[in-house]
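Novice: Sharing upload-v1.cif below, mmCIF, C-alpha atoms:
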data_start
loop_
_atom_site.label_atom_id
_atom_site.label_comp_id
_atom_site.auth_asym_id
_atom_site.auth_seq_id
_atom_site.Cartn_x
_atom_site.Cartn_y
_atom_site.Cartn_z
CA MET A 1 28.48 38.93 -4.64
CA GLU A 2 27.38 42.05 -6.47
CA LYS A 3 24.25 43.96 -5.50
CA ARG A 4 22.46 42.93 -8.71
CA ASP A 5 23.12 39.27 -7.93
CA GLU A 6 21.69 39.70 -4.43
CA GLN A 7 18.62 41.44 -5.85
CA ALA A 8 18.19 38.69 -8.43
CA LEU A 9 18.33 36.03 -5.73
CA ALA A 10 15.83 37.90 -3.57
CA ALA A 11 13.43 38.30 -6.51
CA ALA A 12 13.81 34.63 -7.47
CA LYS A 13 13.03 33.43 -3.95
CA LEU A 14 9.92 35.60 -3.75
CA TYR A 15 8.71 34.59 -7.21
CA TYR A 16 9.58 30.89 -7.29
CA SER A 17 9.68 29.84 -3.62
CA ARG A 18 6.91 32.01 -2.18
CA GLU A 19 4.98 31.97 -5.49
CA LEU A 20 4.29 35.71 -5.49
CA SER A 21 3.33 37.40 -8.75
CA GLN A 22 5.81 39.75 -10.41
CA ALA A 23 3.68 42.69 -9.30
CA GLU A 24 3.76 41.42 -5.70
CA VAL A 25 7.53 40.94 -5.89
CA ALA A 26 7.90 44.48 -7.18
CA ALA A 27 5.86 45.85 -4.27
CA GLU A 28 7.82 43.76 -1.76
CA MET A 29 11.19 44.93 -3.08
CA GLY A 30 10.20 48.51 -3.84
CA VAL A 31 11.09 48.31 -7.53
CA SER A 32 9.14 48.37 -10.79
CA ARG A 33 7.63 45.28 -12.41
CA PRO A 34 9.94 45.52 -15.47
CA THR A 35 12.88 45.55 -13.06
CA VAL A 36 11.60 42.34 -11.46
CA ALA A 37 11.37 40.69 -14.89
CA LYS A 38 14.99 41.66 -15.60
CA LEU A 39 16.14 40.40 -12.19
CA LEU A 40 14.45 37.03 -12.78
CA GLN A 41 16.11 36.81 -16.19
CA HIS A 42 19.46 37.62 -14.57
CA ALA A 43 18.88 34.88 -11.96
CA ARG A 44 18.29 32.34 -14.73
CA GLU A 45 21.35 33.49 -16.69
CA ARG A 46 23.60 33.20 -13.62
CA GLY A 47 22.28 29.71 -12.88
CA TYR A 48 20.55 30.67 -9.63
CA VAL A 49 17.32 29.30 -11.08
CA THR A 50 16.89 26.26 -13.31
CA ILE A 51 13.59 25.32 -14.93
CA GLU A 52 12.74 21.80 -16.00
CA VAL A 53 9.70 20.81 -18.03
CA HIS A 54 8.32 17.34 -17.31
CA ASP A 55 5.93 16.42 -20.11
CA PRO A 56 3.41 14.00 -18.55
CA ARG A 57 2.42 12.83 -22.03
CA GLU A 58 5.80 11.16 -22.51
CA VAL A 59 5.68 9.17 -19.25
CA GLY A 60 1.90 8.95 -19.06
CA GLY A 61 1.48 7.63 -22.58
CA HIS A 62 3.82 4.71 -21.93
CA LEU A 63 2.32 3.87 -18.52
CA GLY A 64 -1.19 4.19 -19.88
CA GLN A 65 -0.42 1.79 -22.71
CA LEU A 66 1.04 -0.74 -20.26
CA LEU A 67 -2.08 -0.52 -18.08
CA LEU A 68 -4.30 -0.97 -21.14
CA GLU A 69 -2.36 -4.04 -22.21
CA THR A 70 -2.59 -5.44 -18.68
CA PHE A 71 -6.31 -4.88 -18.10
CA SER A 72 -7.90 -4.75 -21.56
CA ALA A 73 -9.29 -8.26 -21.05
CA GLN A 74 -11.17 -6.87 -18.04
CA GLY A 75 -12.82 -4.18 -20.18
CA LEU A 76 -10.41 -1.25 -19.76
CA ARG A 77 -10.52 0.91 -22.91
CA GLU A 78 -8.85 4.21 -22.07
CA VAL A 79 -6.24 5.40 -19.55
CA ARG A 80 -5.19 8.95 -18.72
CA VAL A 81 -2.11 9.31 -16.52
CA VAL A 82 -1.36 12.57 -14.71
CA ASP A 83 2.04 13.65 -13.45
CA VAL A 84 2.06 15.50 -10.14
CA ALA A 85 5.02 17.79 -9.50
CA ARG A 86 4.66 17.74 -5.71
CA GLU A 87 3.70 14.72 -3.66
CA ARG A 88 0.97 16.47 -1.69
CA ASP A 89 -2.59 15.23 -1.40
CA GLU A 90 -4.06 18.55 -2.52
CA ASP A 91 -1.89 18.61 -5.67
CA LEU A 92 -2.76 14.99 -6.47
CA LEU A 93 -6.48 15.66 -6.03
CA ALA A 94 -6.29 18.78 -8.18
CA GLU A 95 -4.60 16.93 -11.07
CA LEU A 96 -6.90 13.91 -10.84
CA GLY A 97 -9.87 16.26 -10.71
CA ARG A 98 -8.69 18.23 -13.73
CA MET A 99 -8.16 15.15 -15.87
CA GLY A 100 -11.30 13.43 -14.63
CA ALA A 101 -13.31 16.52 -15.55
CA ALA A 102 -11.74 16.56 -19.02
CA VAL A 103 -12.68 12.92 -19.62
CA LEU A 104 -16.24 13.58 -18.48
CA SER A 105 -16.61 16.65 -20.69
CA ASP A 106 -15.45 14.59 -23.68
CA THR A 107 -17.77 11.70 -22.79
CA VAL A 108 -21.14 13.05 -21.67
CA CYS A 109 -23.64 13.58 -24.49
CA ASP A 110 -27.14 15.04 -24.75
CA GLY A 111 -29.85 12.95 -23.12
CA GLN A 112 -27.52 10.78 -21.07
CA SER A 113 -27.78 9.89 -17.41
CA VAL A 114 -24.59 10.19 -15.35
CA GLY A 115 -24.22 8.27 -12.10
CA VAL A 116 -21.91 9.98 -9.61
CA SER A 117 -20.33 8.72 -6.41
CA TRP A 118 -18.92 11.02 -3.71
CA GLY A 119 -15.70 11.50 -1.79
CA HIS A 120 -12.66 13.78 -1.86
CA THR A 121 -11.70 12.73 -5.39
CA MET A 122 -15.20 13.13 -6.79
CA TYR A 123 -15.45 16.57 -5.20
CA ALA A 124 -12.16 17.50 -6.90
CA VAL A 125 -13.58 16.35 -10.25
CA ALA A 126 -16.74 18.36 -9.64
CA ARG A 127 -14.79 21.52 -8.80
CA ALA A 128 -12.68 21.15 -11.95
CA LEU A 129 -15.65 20.79 -14.32
CA GLU A 130 -16.10 23.65 -16.75
CA HIS A 131 -19.47 24.71 -18.11
CA THR A 132 -20.21 22.24 -20.90
CA PRO A 133 -23.90 22.69 -21.80
CA ARG A 134 -25.82 19.55 -22.63
CA HIS A 135 -29.52 18.94 -23.20
CA GLY A 136 -31.56 16.51 -21.14
CA VAL A 137 -28.75 15.22 -18.91
CA GLU A 138 -29.53 13.76 -15.49
CA ILE A 139 -27.01 13.50 -12.64
CA ILE A 140 -27.81 10.57 -10.37
CA GLN A 141 -26.30 9.95 -6.95
CA LEU A 142 -25.06 6.36 -6.93
CA LYS A 143 -25.00 5.88 -3.15
CA GLY A 144 -26.40 7.46 -0.03
CA GLY A 145 -24.37 10.33 1.34
CA MET A 146 -25.74 11.57 4.64
CA SER A 147 -23.05 11.65 7.35
CA HIS A 148 -23.39 10.68 11.00
CA SER A 149 -20.29 12.66 11.99
CA SER A 150 -18.79 16.13 11.62
CA GLU A 151 -16.93 14.90 8.53
CA SER A 152 -18.67 16.02 5.34
CA THR A 153 -19.17 13.80 2.32
CA ASN A 154 -19.72 16.82 0.02
CA ASP A 155 -22.29 14.68 -1.78
CA ILE A 156 -24.80 17.46 -2.40
CA GLU A 157 -22.10 19.95 -3.43
CA THR A 158 -20.68 17.37 -5.84
CA ILE A 159 -24.05 16.70 -7.45
CA ASN A 160 -24.82 20.43 -7.72
CA LEU A 161 -21.49 21.20 -9.40
CA PHE A 162 -22.06 18.39 -11.92
CA CYS A 163 -25.50 19.80 -12.65
CA GLN A 164 -24.15 23.32 -13.12
CA ALA A 165 -21.48 22.06 -15.52
CA PHE A 166 -23.86 20.15 -17.80
CA ASP A 167 -27.08 22.16 -17.26
CA ALA A 168 -28.43 18.93 -15.85
CA TYR A 169 -31.17 17.74 -13.50
CA ALA A 170 -30.21 16.40 -10.08
CA ARG A 171 -31.40 13.06 -8.76
CA PRO A 172 -30.01 12.95 -5.18
CA LEU A 173 -30.23 10.00 -2.81
CA PRO A 174 -31.00 11.57 0.59
CA LEU A 175 -30.02 8.64 2.80
CA PRO A 176 -27.02 7.36 4.76
CA VAL A 177 -24.89 5.02 2.67
CA ILE A 178 -24.98 2.34 5.39
CA ILE A 179 -28.14 1.84 7.45
CA ASP A 180 -28.21 0.33 10.95
CA ASN A 181 -29.91 -2.92 9.97
CA VAL A 182 -31.11 -4.82 6.92
CA GLU A 183 -34.78 -4.56 7.84
CA ALA A 184 -34.68 -0.76 7.97
CA LYS A 185 -32.80 -0.63 4.67
CA GLU A 186 -35.36 -2.84 2.93
CA ILE A 187 -38.23 -0.68 4.21
CA VAL A 188 -36.54 2.52 3.02
CA GLU A 189 -35.77 1.08 -0.41
CA LYS A 190 -39.45 0.23 -0.92
CA ASP A 191 -40.28 3.93 -0.89
CA ARG A 192 -41.41 4.85 -4.40
CA HIS A 193 -39.07 7.83 -4.74
CA ILE A 194 -36.01 6.04 -3.33
CA SER A 195 -36.68 2.95 -5.43
CA HIS A 196 -36.85 5.15 -8.54
CA ILE A 197 -33.51 6.86 -7.80
CA LEU A 198 -31.80 3.51 -7.18
CA GLN A 199 -33.13 2.17 -10.47
CA LEU A 200 -31.90 5.27 -12.30
CA GLY A 201 -28.45 4.56 -10.90
CA ARG A 202 -28.58 0.96 -12.09
CA ASP A 203 -29.59 2.18 -15.56
CA CYS A 204 -27.17 5.13 -15.93
CA ASP A 205 -25.29 5.57 -19.21
CA VAL A 206 -22.09 6.84 -17.59
CA ALA A 207 -20.83 6.07 -14.09
CA VAL A 208 -18.02 8.09 -12.52
CA PHE A 209 -16.55 6.96 -9.23
CA THR A 210 -13.38 6.54 -7.20
CA VAL A 211 -11.72 3.82 -5.16
CA GLY A 212 -11.08 4.07 -1.45
CA ALA A 213 -8.42 2.24 0.51
CA ALA A 214 -9.84 0.29 3.45
CA ASN A 215 -7.75 1.80 6.22
CA PRO A 216 -9.02 3.21 9.54
CA GLU A 217 -8.75 6.79 8.20
CA SER A 218 -10.73 6.20 5.00
CA LEU A 219 -13.84 8.32 4.60
CA PRO A 220 -16.53 5.60 4.78
CA LEU A 221 -15.02 4.33 8.04
CA VAL A 222 -14.99 7.70 9.82
CA LEU A 223 -18.52 8.85 8.99
CA GLY A 224 -20.20 7.10 11.91
CA TYR A 225 -21.97 4.37 9.92
CA LEU A 226 -20.17 1.51 11.67
CA ASN A 227 -19.35 0.71 15.26
CA ASP A 228 -15.70 0.36 16.28
CA LYS A 229 -15.73 -3.44 16.02
CA GLU A 230 -17.24 -3.42 12.52
CA ALA A 231 -14.82 -0.75 11.32
CA ALA A 232 -11.81 -2.65 12.68
CA GLU A 233 -12.92 -5.94 11.15
CA LEU A 234 -13.68 -4.32 7.81
CA SER A 235 -10.30 -2.59 7.62
CA GLN A 236 -8.66 -6.00 8.19
CA ARG A 237 -10.69 -7.94 5.63
CA ALA A 238 -11.03 -5.38 2.84
CA VAL A 239 -8.44 -3.81 0.56
CA GLY A 240 -10.76 -1.11 -0.74
CA ASP A 241 -14.22 0.04 -1.69
CA VAL A 242 -16.11 1.36 -4.69
CA CYS A 243 -19.36 3.17 -3.94
CA SER A 244 -18.91 2.01 -0.31
CA ARG A 245 -19.04 -1.62 -1.46
CA PHE A 246 -15.99 -3.10 0.27
CA PHE A 247 -14.04 -5.88 -1.42
CA THR A 248 -11.18 -8.22 -0.59
CA ALA A 249 -7.91 -8.65 -2.48
CA GLU A 250 -9.65 -11.47 -4.38
CA GLY A 251 -12.48 -9.18 -5.48
CA LYS A 252 -15.07 -10.71 -3.16
CA VAL A 253 -17.50 -8.90 -0.85
CA ALA A 254 -15.47 -8.20 2.30
CA MET A 255 -18.34 -8.35 4.82
CA PRO A 256 -21.73 -9.48 3.46
CA SER A 257 -23.49 -8.30 6.63
CA ILE A 258 -22.39 -4.71 5.97
CA ASP A 259 -22.89 -4.93 2.22
CA ALA A 260 -26.50 -5.95 2.85
CA ARG A 261 -27.02 -2.69 4.77
CA THR A 262 -25.43 -0.49 2.08
CA VAL A 263 -27.64 1.86 0.06
CA GLY A 264 -26.58 2.34 -3.53
CA ILE A 265 -25.46 0.60 -6.67
CA SER A 266 -23.95 -2.86 -6.27
CA LEU A 267 -20.64 -3.78 -7.87
CA ARG A 268 -22.44 -6.29 -10.07
CA ASP A 269 -24.79 -3.59 -11.40
CA LEU A 270 -21.93 -1.12 -11.76
CA ARG A 271 -20.05 -3.59 -13.95
CA LEU A 272 -23.03 -3.66 -16.33
CA ARG A 273 -22.86 0.08 -17.09
CA PRO A 274 -21.53 0.79 -20.60
CA VAL A 275 -19.15 3.60 -19.56
CA ARG A 276 -17.42 3.40 -16.16
CA ILE A 277 -14.92 6.16 -15.38
CA LEU A 278 -12.65 5.42 -12.43
CA VAL A 279 -10.72 8.40 -11.07
CA ALA A 280 -8.28 7.48 -8.31
CA GLY A 281 -4.68 7.89 -7.24
CA GLY A 282 -2.17 7.76 -4.43
CA ARG A 283 0.18 4.85 -3.85
CA ARG A 284 -1.64 3.82 -0.68
CA LYS A 285 -4.59 2.99 -2.96
CA ALA A 286 -2.56 0.97 -5.47
CA GLU A 287 -3.75 -2.46 -4.32
CA ALA A 288 -7.38 -1.32 -4.14
CA ILE A 289 -7.24 0.22 -7.63
CA ALA A 290 -5.52 -2.84 -9.07
CA THR A 291 -8.19 -5.08 -7.58
CA ALA A 292 -10.98 -2.88 -8.98
CA LEU A 293 -9.39 -3.13 -12.44
CA LYS A 294 -9.08 -6.91 -12.14
CA MET A 295 -12.78 -7.00 -11.22
CA GLY A 296 -13.62 -5.24 -14.48
CA LEU A 297 -15.13 -2.19 -12.80
CA ALA A 298 -13.62 0.41 -15.14
CA THR A 299 -13.73 1.13 -18.86
CA HIS A 300 -11.87 4.43 -18.38
CA LEU A 301 -9.14 5.15 -15.83
CA VAL A 302 -7.63 8.41 -14.59
CA ILE A 303 -4.60 7.78 -12.37
CA ASP A 304 -1.28 9.35 -11.36
CA ALA A 305 2.07 8.08 -12.63
CA PRO A 306 3.54 6.76 -9.33
CA THR A 307 0.39 4.75 -8.60
CA ALA A 308 0.32 3.43 -12.16
CA ARG A 309 3.88 2.19 -11.72
CA ALA A 310 3.04 0.61 -8.36
CA ILE A 311 0.11 -1.28 -9.90
CA LEU A 312 2.21 -2.54 -12.79
CA GLU A 313 4.84 -3.78 -10.33
CA GLN A 314 2.14 -5.59 -8.33
CA VAL A 315 0.66 -7.45 -11.27
CA ARG A 316 3.93 -8.55 -12.86
#
Can you present the structure in this file as structure tokens?
Specialist:
Amino acid sequence: MEKRDEQALAAAKLYYSRELSQAEVAAEMGVSRPTVAKLLQHARERGYVTIEVHDPREVGGHLGQLLLETFSAQGLREVRVVDVARERDEDLLAELGRMGAAVLSDTVCDGQSVGVSWGHTMYAVARALEHTPRHGVEIIQLKGGMSHSSESTNDIETINLFCQAFDAYARPLPLPVIIDNVEAKEIVEKDRHISHILQLGRDCDVAVFTVGAANPESLPLVLGYLNDKEAAELSQRAVGDVCSRFFTAEGKVAMPSIDARTVGISLRDLRLRPVRILVAGGRRKAEAIATALKMGLATHLVIDAPTARAILEQVR
């Protein structure tokens, strides 16, 4: 192998595998940036590097249409499918967040109220939002978010990022999402301020939320709201949750005793909102997302291609 071939391979590995910039590759190899560009071109010409472009619109458009045809009777009106190059959680969240933010920016209008859930996916959406000034917009927290463990819900950060994006007013819900007993929950919800926030959530123009899979590692089950017995029983009965409202594969309330202690919008009230944007992905959530769609919880869906395929296979 000639020296130029060896240099081209070295430059290609630094640029494509280690994801260094051309300037960083030049510094690492002790050559100029134009030389790096020529070495990368040489690597492509010799076949050391091949580049493929996967247009998500080609796959996503077909999958989205199939999902629309499958769930239009349940109120689904729009589907955006993202294609993730690497099967890593952080890449999936980033793509879901980017597309979810785009849908929101296209949807939210002056004077509207936007109900927002929390969780890793919602935080990804919030971080991806660009400044899209609107007048008179309110951002309402749809469920309590205080944590009883070291695990953060990022609820306040999520609300703040939404507010910054739309120049909006925040309406946080400063409570745990699940309270120890029904009596305490009823007392808290009678507070004038809390009652007002909950009503704003029930009346919101746009709701944006995600779906969680009901496994022992899911966020609502590790935040300290439930004892070990409750968490184990819930993970057995439920397939997923929306706004910490856990449901079975048949779309029923998984554990009424826990649902009665939950602070936030009910699934019945959520279904009544005119625009309901569901952002969720990951094949482990396929059954939960499919059930949420069957329940008519979403008018708009943002999902990844592998999960879309898994759902379509389930419902055939």
Novice: Selected by the PyMOL selection byres ((chain A and resi 295) around 10) in the shown coordinates: which residues, as an MDAnalysis selection string?
Specialist: chainID A and resid 71 74:75 247 250:252 267:268 271 289:294 296:298
Novice: Once the PyMOL selection byres ((chain A and resi 173) around 7) is applied to the coordinates I shared, what remains selected? I want it as a ChimeraX atom specification.
Specialist: /A:141,143-144,171-172,174-175,197
Novice: Could you name the residues that touch segment 118-134 of chain A at 6 Å or less, counting all atoms listed in the file, but leaving out those on the same chain fewer than 6 positions away, as a list of chain:residue names?
Specialist: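 So, after excluding close chain neighbours, the residues are A:Gly97, A:Arg98, A:Gly100, A:Ala101, A:Asp110, A:Thr153, A:Asp155, A:Thr158, A:Leu161, A:Phe162, A:Ala165, A:Phe166, A:Asp167.
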Novice: Would you compute the distance between atom CA of Gly136 of chain A and atom CA of Gly111 of chain A? Give it in Å to one decimal.
Specialist: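 We find that atom CA of Gly136 of chain A and atom CA of Gly111 of chain A lie 4.4 Å from each other.
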Novice: Find the distance between atom CA of Pro256 of chain A and atom CA of Leu270 of chain A and write it in Å to one decimal.
Specialist: 17.4 Å
Novice: To one decimal in Å, tell me the separation between atom CA of Arg276 of chain A and atom CA of Ile194 of chain A.
Specialist: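 Spanning atom CA of Arg276 of chain A to atom CA of Ile194 of chain A is a straight-line distance of 22.7 Å.
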Novice: Would you please work out which residue, of A:Arg273, A:Arg283, A:Arg80, A:Arg46, is nearest to Val206 of chain A when using all atoms listed in the file?
Specialist: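 Going through A:Arg273, A:Arg283, A:Arg80, A:Arg46 one by one, the smallest distance to Val206 of chain A is for A:Arg273.
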Novice: Rank nothing, just name the residue among A:Gly282, A:Arg77, A:Ala288, A:Thr248 nearest to Arg309 of chain A, using only C-alpha atoms.
Specialist: A:Gly282
Novice: I'd like to know which of A:Ala280, A:Ile258, A:Leu9, A:Ala231 is closest to Thr210 of chain A, using all atoms listed in the file.
Specialist: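 So, comparing all the options, the nearest one is A:Ala280.
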Novice: List the neighbours of segment 23-33 of chain A out to 12 Å using all atoms listed in the file; skip same-chain residues closer than 2 positions along the sequence, and give me the result as a list of chain:residue names.
Specialist: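 Here the qualifying residues turn out to be A:Glu6, A:Gln7, A:Ala8, A:Leu9, A:Ala10, A:Ala11, A:Ala12, A:Lys13, A:Leu14, A:Tyr15, A:Tyr16, A:Ser17, A:Arg18, A:Glu19, A:Leu20, A:Ser21, A:Thr35, A:Val36, A:Ala37, A:Lys38, A:Leu39, A:Leu40.
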Novice: So which residues touch Val275 of chain A within 7 Å, counting only C-alpha atoms, skipping near sequence neighbours fewer than 4 positions away, as a PyMOL selection string?
Specialist: chain A and resi 205-207+299
Novice: Excluding same-chain residues fewer than 6 positions from segment 183-192 of chain A, what lies within 9 Å of it counting all atoms listed in the file, as a list of chain:residue names?
Specialist: A:Leu175, A:Leu198, A:Ala260, A:Arg261, A:Thr262, A:Val263
Novice: Take the residues from that selection and put them in a file with C-alpha atoms, as a compact mmCIF listing (two decimals), keeping the file's coordinate frame.
Specialist:
# COMPACT_ATOMS: atom_id res chain seq x y z
CA LEU A 175 -30.02 8.64 2.80
CA LEU A 198 -31.80 3.51 -7.18
CA ALA A 260 -26.50 -5.95 2.85
CA ARG A 261 -27.02 -2.69 4.77
CA THR A 262 -25.43 -0.49 2.08
CA VAL A 263 -27.64 1.86 0.06
Novice: For Ile140 of chain A, list every protein, DNA or RNA residue within 9 Å, evaluated using all atoms listed in the file, and leave out those in the same chain fewer than 2 positions away; present the list as number ranges by chain.
Specialist: A: 113-117, 138, 142, 159, 169-173, 197-198, 200-201, 204
Novice: Would you mind exporting C-alpha atoms of the selected residues as a PDB file, keeping the file's coordinate frame?
Specialist:
ATOM      1  CA  SER A 113     -27.780   9.890 -17.410  1.00  0.00           C
ATOM      2  CA  VAL A 114     -24.590  10.190 -15.350  1.00  0.00           C
ATOM      3  CA  GLY A 115     -24.220   8.270 -12.100  1.00  0.00           C
ATOM      4  CA  VAL A 116     -21.910   9.980  -9.610  1.00  0.00           C
ATOM      5  CA  SER A 117     -20.330   8.720  -6.410  1.00  0.00           C
ATOM      6  CA  GLU A 138     -29.530  13.760 -15.490  1.00  0.00           C
ATOM      7  CA  LEU A 142     -25.060   6.360  -6.930  1.00  0.00           C
ATOM      8  CA  ILE A 159     -24.050  16.700  -7.450  1.00  0.00           C
ATOM      9  CA  TYR A 169     -31.170  17.740 -13.500  1.00  0.00           C
ATOM     10  CA  ALA A 170     -30.210  16.400 -10.080  1.00  0.00           C
ATOM     11  CA  ARG A 171     -31.400  13.060  -8.760  1.00  0.00           C
ATOM     12  CA  PRO A 172     -30.010  12.950  -5.180  1.00  0.00           C
ATOM     13  CA  LEU A 173     -30.230  10.000  -2.810  1.00  0.00           C
ATOM     14  CA  ILE A 197     -33.510   6.860  -7.800  1.00  0.00           C
ATOM     15  CA  LEU A 198     -31.800   3.510  -7.180  1.00  0.00           C
ATOM     16  CA  LEU A 200     -31.900   5.270 -12.300  1.00  0.00           C
ATOM     17  CA  GLY A 201     -28.450   4.560 -10.900  1.00  0.00           C
ATOM     18  CA  CYS A 204     -27.170   5.130 -15.930  1.00  0.00           C
TER      19      CYS A 204
END
Novice: Using the chain letters and residue numbers of this document, give as a ChimeraX atom specification the residues selected by the PyMOL selection byres ((chain A and resi 214) around 12).
Specialist: /A:211-213,215-222,231-242,244-249,254,284-289
Novice: Name the residues within 9 Å of (-3.0, 14.0, -6.7), counting only C-alpha atoms in the file's coordinates, and put them as a list in words.
Specialist: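 Using only C-alpha atoms, the matching residues come out as Val82, Asp83, Val84, Arg86, Glu87, Arg88, Asp89, Glu90, Asp91, Leu92, Leu93, Ala94, Glu95, Leu96, Gly97, Thr121, Ala280, Gly281, Gly282, Ile303 and Asp304 of chain A.
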Novice: For C-alpha atoms, I'd like the residues from the last selection saved as an mmCIF file, keeping the file's coordinate frame.
Specialist:
data_model
loop_
_atom_site.group_PDB
_atom_site.id
_atom_site.type_symbol
_atom_site.label_atom_id
_atom_site.label_comp_id
_atom_site.auth_asym_id
_atom_site.auth_seq_id
_atom_site.Cartn_x
_atom_site.Cartn_y
_atom_site.Cartn_z
ATOM 1 C CA VAL A 82 -1.360 12.570 -14.710
ATOM 2 C CA ASP A 83 2.040 13.650 -13.450
ATOM 3 C CA VAL A 84 2.060 15.500 -10.140
ATOM 4 C CA ARG A 86 4.660 17.740 -5.710
ATOM 5 C CA GLU A 87 3.700 14.720 -3.660
ATOM 6 C CA ARG A 88 0.970 16.470 -1.690
ATOM 7 C CA ASP A 89 -2.590 15.230 -1.400
ATOM 8 C CA GLU A 90 -4.060 18.550 -2.520
ATOM 9 C CA ASP A 91 -1.890 18.610 -5.670
ATOM 10 C CA LEU A 92 -2.760 14.990 -6.470
ATOM 11 C CA LEU A 93 -6.480 15.660 -6.030
ATOM 12 C CA ALA A 94 -6.290 18.780 -8.180
ATOM 13 C CA GLU A 95 -4.600 16.930 -11.070
ATOM 14 C CA LEU A 96 -6.900 13.910 -10.840
ATOM 15 C CA GLY A 97 -9.870 16.260 -10.710
ATOM 16 C CA THR A 121 -11.700 12.730 -5.390
ATOM 17 C CA ALA A 280 -8.280 7.480 -8.310
ATOM 18 C CA GLY A 281 -4.680 7.890 -7.240
ATOM 19 C CA GLY A 282 -2.170 7.760 -4.430
ATOM 20 C CA ILE A 303 -4.600 7.780 -12.370
ATOM 21 C CA ASP A 304 -1.280 9.350 -11.360
#
Novice: Can you tell me, as a list in words, which residues sit within 7 Å of (-13.8, 8.8, -16.2) in the file's frame, using all atoms listed in the file?
Specialist: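 Neighbouring residues, ordered by chain and number, come to Gly100, Val103, Leu104, Val208, Arg276, Ile277, Leu278, Val279, His300, Leu301 and Val302 of chain A.
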Novice: For Asp269 of chain A, which residue among A:Ala168, A:Asp203, A:Asn227, A:Thr307 is the nearest when counting only C-alpha atoms?
Specialist: A:Asp203
